[in-house]
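Below is one structure, written out as structure tokens, with a few remarks after it.
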Amino acid sequence: MIRMVDLKTQYENIREEIDRAVLDVIASTEYINGSAVKRFQAELEEYLQVKHVVPCANGTDALQIAMMALELKPGDEVIVPAFTYVATAEVIALLGLTPIMVDVYPDTFNVDVEQVRAAITPRTRAIVPVHLFGQSADMEPLLALARQHNLYVIEDNAQATGSDYTFSDGTRRKTGTMGHIGCTSFFPSKNLGCYGDGGAITTHDDALAQRLRMIANHGQSQLYHHAVIGVNSRLDSIQAAILSVKLKRLDQYNARRRQAADYYDAVFSQMPQLTIPARNARTTHVFHQYTLILREGDRDALKRHLAERGIPAMVYYPIPLYKQQAFARYWAGGELPITEQLCRSVISLPMHSELTPEQQNVIIEGVQSFFA
Ligand SMILES: *Cc1c(COP(=O)(O)O)cnc(C)c1O
């Protein structure tokens, strides 16, 4: 059976180790903030080469806690791409800040640095680049721009754990460790996913790490001493134990995704009706999604055509953020041309670490028969 993400086959391949890890936590009764959480935290710090990982309950909380830690004031502006998942902008609005939505590059789908530059005002305080679909935003010019204007950079790394970016001096950094704060999600379908909800915040800054930890834990730095208004956001021990098992395999999982993407690319690059996902040479694409652009034909008709053949496909994202009812008050009108065009023409095909060439052949034939 072809699935967008095949968590079942992945589990079956690591079942023994996962089951043992879960049962160990249950037997230990250390369900909250247990040793499994501390172990995973240290392993992720090592893997990402980042000084601090602060585990939390999900990726949306990670973004919210990051914004809270920076002590932004109501009315402060935070720049986000208009072509992203809602969580990125939602937490900004929730905290009384103003999301400023800007356009993206037509090839990599990541935030357009010149559009960010054009959107900066005296009220701008932060930029949230999203490493969309598994590859890093163009961080070098973005970080330079942020430095020049004294802005915070919060990376939304929910879709790109394991990806990296190479700077012009040759330094290579993992996504989520280049800005002031990185945020990620361990939602089951993400590249590093647990079996429920989970998230993490990353930073190299000691003072910021302490603040992030405090905010995630009811604003307390010492038991029953609440210095600031915080939230309750924890990664539970069972999820942490599962993540430790999967983190060891993350590079291998991501390599398999890349291999599957290469296989798709070889065929789809020969079809004039399609544009294959662009790869920025500076980043290792970890293909959270494999997203094609239709240059001709009706995208929704292709999705239906595939569904009739038992092939799932998804549209990430069909509606620009500024056209969502919830964000109407943050939008003066008009359209962002690239975001509009992508929302009309993108389609994501099944992509996961267990995808076989045989399954891909069925998917490829499904796509080819639509255009035949
Ligand atoms: C999944 C995702 C989030 C939110 O993560 P949750 O764990 O579901 O809260 C945020 N941003 C992006 C880009 C995502 O894909």
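In the structure tokens, each chain is lettered A, B, ... as it comes, each chain's residues begin at 1, and ligands are numbered from 1 in order of appearance.
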Proximity of chain A to ligand 1: per-residue shortest pair, 9 Å limit, only C-alpha atoms and all ligand atoms, as JSON lines:
```
{"residue": "A:Ala57", "atom": "CA", "partner": "ligand 1", "partner_atom_place_in_ligand_line": "7 (O)", "distance": 7.6}
{"residue": "A:Asn58", "atom": "CA", "partner": "ligand 1", "partner_atom_place_in_ligand_line": "7 (O)", "distance": 3.9}
{"residue": "A:Gly59", "atom": "CA", "partner": "ligand 1", "partner_atom_place_in_ligand_line": "5 (O)", "distance": 3.5}
{"residue": "A:Thr60", "atom": "CA", "partner": "ligand 1", "partner_atom_place_in_ligand_line": "9 (O)", "distance": 3.7}
{"residue": "A:Asp61", "atom": "CA", "partner": "ligand 1", "partner_atom_place_in_ligand_line": "9 (O)", "distance": 6.4}
{"residue": "A:Ala62", "atom": "CA", "partner": "ligand 1", "partner_atom_place_in_ligand_line": "9 (O)", "distance": 7.8}
{"residue": "A:Leu63", "atom": "CA", "partner": "ligand 1", "partner_atom_place_in_ligand_line": "10 (C)", "distance": 7.5}
{"residue": "A:Thr84", "atom": "CA", "partner": "ligand 1", "partner_atom_place_in_ligand_line": "13 (C)", "distance": 5.9}
{"residue": "A:Tyr85", "atom": "CA", "partner": "ligand 1", "partner_atom_place_in_ligand_line": "13 (C)", "distance": 4.9}
{"residue": "A:Val86", "atom": "CA", "partner": "ligand 1", "partner_atom_place_in_ligand_line": "11 (N)", "distance": 7.1}
{"residue": "A:Ala87", "atom": "CA", "partner": "ligand 1", "partner_atom_place_in_ligand_line": "10 (C)", "distance": 4.9}
{"residue": "A:Thr88", "atom": "CA", "partner": "ligand 1", "partner_atom_place_in_ligand_line": "11 (N)", "distance": 5.2}
{"residue": "A:Ala89", "atom": "CA", "partner": "ligand 1", "partner_atom_place_in_ligand_line": "11 (N)", "distance": 8.9}
{"residue": "A:Val130", "atom": "CA", "partner": "ligand 1", "partner_atom_place_in_ligand_line": "13 (C)", "distance": 6.0}
{"residue": "A:His131", "atom": "CA", "partner": "ligand 1", "partner_atom_place_in_ligand_line": "13 (C)", "distance": 7.3}
{"residue": "A:Leu132", "atom": "CA", "partner": "ligand 1", "partner_atom_place_in_ligand_line": "13 (C)", "distance": 6.4}
{"residue": "A:Phe133", "atom": "CA", "partner": "ligand 1", "partner_atom_place_in_ligand_line": "15 (O)", "distance": 8.0}
{"residue": "A:Asp156", "atom": "CA", "partner": "ligand 1", "partner_atom_place_in_ligand_line": "11 (N)", "distance": 5.9}
{"residue": "A:Asn157", "atom": "CA", "partner": "ligand 1", "partner_atom_place_in_ligand_line": "13 (C)", "distance": 6.9}
{"residue": "A:Ala158", "atom": "CA", "partner": "ligand 1", "partner_atom_place_in_ligand_line": "14 (C)", "distance": 4.8}
{"residue": "A:Gln159", "atom": "CA", "partner": "ligand 1", "partner_atom_place_in_ligand_line": "15 (O)", "distance": 5.2}
{"residue": "A:Ala160", "atom": "CA", "partner": "ligand 1", "partner_atom_place_in_ligand_line": "15 (O)", "distance": 8.8}
{"residue": "A:Cys183", "atom": "CA", "partner": "ligand 1", "partner_atom_place_in_ligand_line": "10 (C)", "distance": 8.1}
{"residue": "A:Thr184", "atom": "CA", "partner": "ligand 1", "partner_atom_place_in_ligand_line": "5 (O)", "distance": 6.9}
{"residue": "A:Ser185", "atom": "CA", "partner": "ligand 1", "partner_atom_place_in_ligand_line": "7 (O)", "distance": 4.2}
{"residue": "A:Phe186", "atom": "CA", "partner": "ligand 1", "partner_atom_place_in_ligand_line": "7 (O)", "distance": 5.9}
{"residue": "A:Phe187", "atom": "CA", "partner": "ligand 1", "partner_atom_place_in_ligand_line": "7 (O)", "distance": 4.9}
{"residue": "A:Pro188", "atom": "CA", "partner": "ligand 1", "partner_atom_place_in_ligand_line": "7 (O)", "distance": 8.7}
{"residue": "A:Ser189", "atom": "CA", "partner": "ligand 1", "partner_atom_place_in_ligand_line": "1 (C)", "distance": 8.5}
{"residue": "A:Lys190", "atom": "CA", "partner": "ligand 1", "partner_atom_place_in_ligand_line": "1 (C)", "distance": 7.1}
{"residue": "A:Asp197", "atom": "CA", "partner": "ligand 1", "partner_atom_place_in_ligand_line": "7 (O)", "distance": 6.0}
{"residue": "A:Gly198", "atom": "CA", "partner": "ligand 1", "partner_atom_place_in_ligand_line": "7 (O)", "distance": 6.0}
{"residue": "A:Gly199", "atom": "CA", "partner": "ligand 1", "partner_atom_place_in_ligand_line": "7 (O)", "distance": 5.9}
```
Run DSSP on the backbone and grab whatever in region 139-287 of chain A lands in strand (DSSP E); send it over as a count of residues only. 28
Show me, as a PyMOL selection string, the residues that have an atom within 10 Å of Thr283 (chain A) when counting only C-alpha atoms, minus same-chain residues fewer than 4 positions from it. chain A and resi 134-139+163-167+172-175+279
Could you tell me, as an MDAnalysis selection string, which residues of region 61-240 of chain A DSSP assigns to alpha helix (DSSP H) when given the backbone? chainID A and resid 61:69 87:94 113:119 139:149 206:216 237:240
Could you make a table, as a tab-separated table, of the residues of region 164-206 of chain A that have an atom within 6 Å of an atom of region 36-54 of chain A, each with its nearest atom pair and distance in Å to one decimal, counting only C-alpha atoms, in chain and number order?
```
residue	atom	partner	partner_atom	distance
A:Lys174	CA	A:Leu48	CA	5.8
A:Ala200	CA	A:Val54	CA	5.5
A:Ile201	CA	A:Val54	CA	5.0
A:Thr202	CA	A:Val53	CA	4.6
A:Thr203	CA	A:His52	CA	5.3
A:His204	CA	A:Lys51	CA	4.7
```
Extract, using only C-alpha atoms, all DNA, RNA and protein residues at most 8 Å from Tyr316 (chain A), discarding same-chain residues fewer than 5 positions from it, and format them as a list in words.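 What passes the distance filter is Cys343, Val346, Ile347 and Ser348 of chain A.
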Could you turn the residues from that selection into a file that holds all heavy atoms, as a CSV table (one decimal), in the first residue's frame?
```
chain,number,residue,atom,x,y,z
A,343,CYS,N,0.5,28.2,-4.7
A,343,CYS,CA,-0.7,27.7,-4.1
A,343,CYS,C,-1.6,27.0,-5.2
A,343,CYS,O,-2.3,26.1,-4.9
A,343,CYS,CB,-1.5,28.8,-3.3
A,343,CYS,SG,-0.7,29.2,-1.8
A,346,VAL,N,1.3,23.6,-6.9
A,346,VAL,CA,2.1,22.6,-6.3
A,346,VAL,C,1.4,21.4,-6.0
A,346,VAL,O,0.2,21.4,-5.7
A,346,VAL,CB,2.8,23.1,-5.0
A,346,VAL,CG1,3.9,24.2,-5.4
A,346,VAL,CG2,1.8,23.6,-4.0
A,347,ILE,N,2.1,20.3,-6.0
A,347,ILE,CA,1.5,19.0,-5.5
A,347,ILE,C,2.6,18.1,-4.9
A,347,ILE,O,3.7,18.1,-5.5
A,347,ILE,CB,0.8,18.2,-6.7
A,347,ILE,CG1,0.0,17.0,-6.1
A,347,ILE,CG2,1.7,17.8,-7.8
A,347,ILE,CD1,-1.1,16.5,-7.0
A,348,SER,N,2.4,17.6,-3.8
A,348,SER,CA,3.4,16.8,-3.1
A,348,SER,C,3.1,15.3,-3.2
A,348,SER,O,1.9,14.9,-3.0
A,348,SER,CB,3.5,17.1,-1.6
A,348,SER,OG,3.9,18.5,-1.5
```
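In this structure, CA of Pro99 (chain A) sits 5.1 Å away from CA of Val78 (chain A).
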Find the residues near Gln64 (chain A): any atom within 9 Å, counting only C-alpha atoms, skip ones fewer than 5 places away on the same chain, and give them as number ranges by chain. A: 59, 69, 88, 90-92, 94-95
Distance of CA of Ile65 (chain A) from CA of Leu143 (chain A), expressed in Å to one decimal place: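 Going from CA of Leu143 (chain A) over to CA of Ile65 (chain A) covers 21.2 Å.
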Contact table region 91-207 of chain A vs region 272-276 of chain A, cut-off 12 Å, shortest pair per residue, only C-alpha atoms, as a Markdown table:
```
| residue | atom | partner | partner_atom | distance |
| --- | --- | --- | --- | --- |
| A:Pro106 | CA | A:Thr275 | CA | 10.6 |
| A:Asp107 | CA | A:Thr275 | CA | 8.8 |
| A:Thr108 | CA | A:Ile276 | CA | 10.1 |
| A:Phe109 | CA | A:Ile276 | CA | 11.9 |
```
For Pro357 (chain A), the nearest of the candidates A:Arg147, A:Lys248, A:Arg117, A:Arg257, counting only C-alpha atoms: A:Arg257
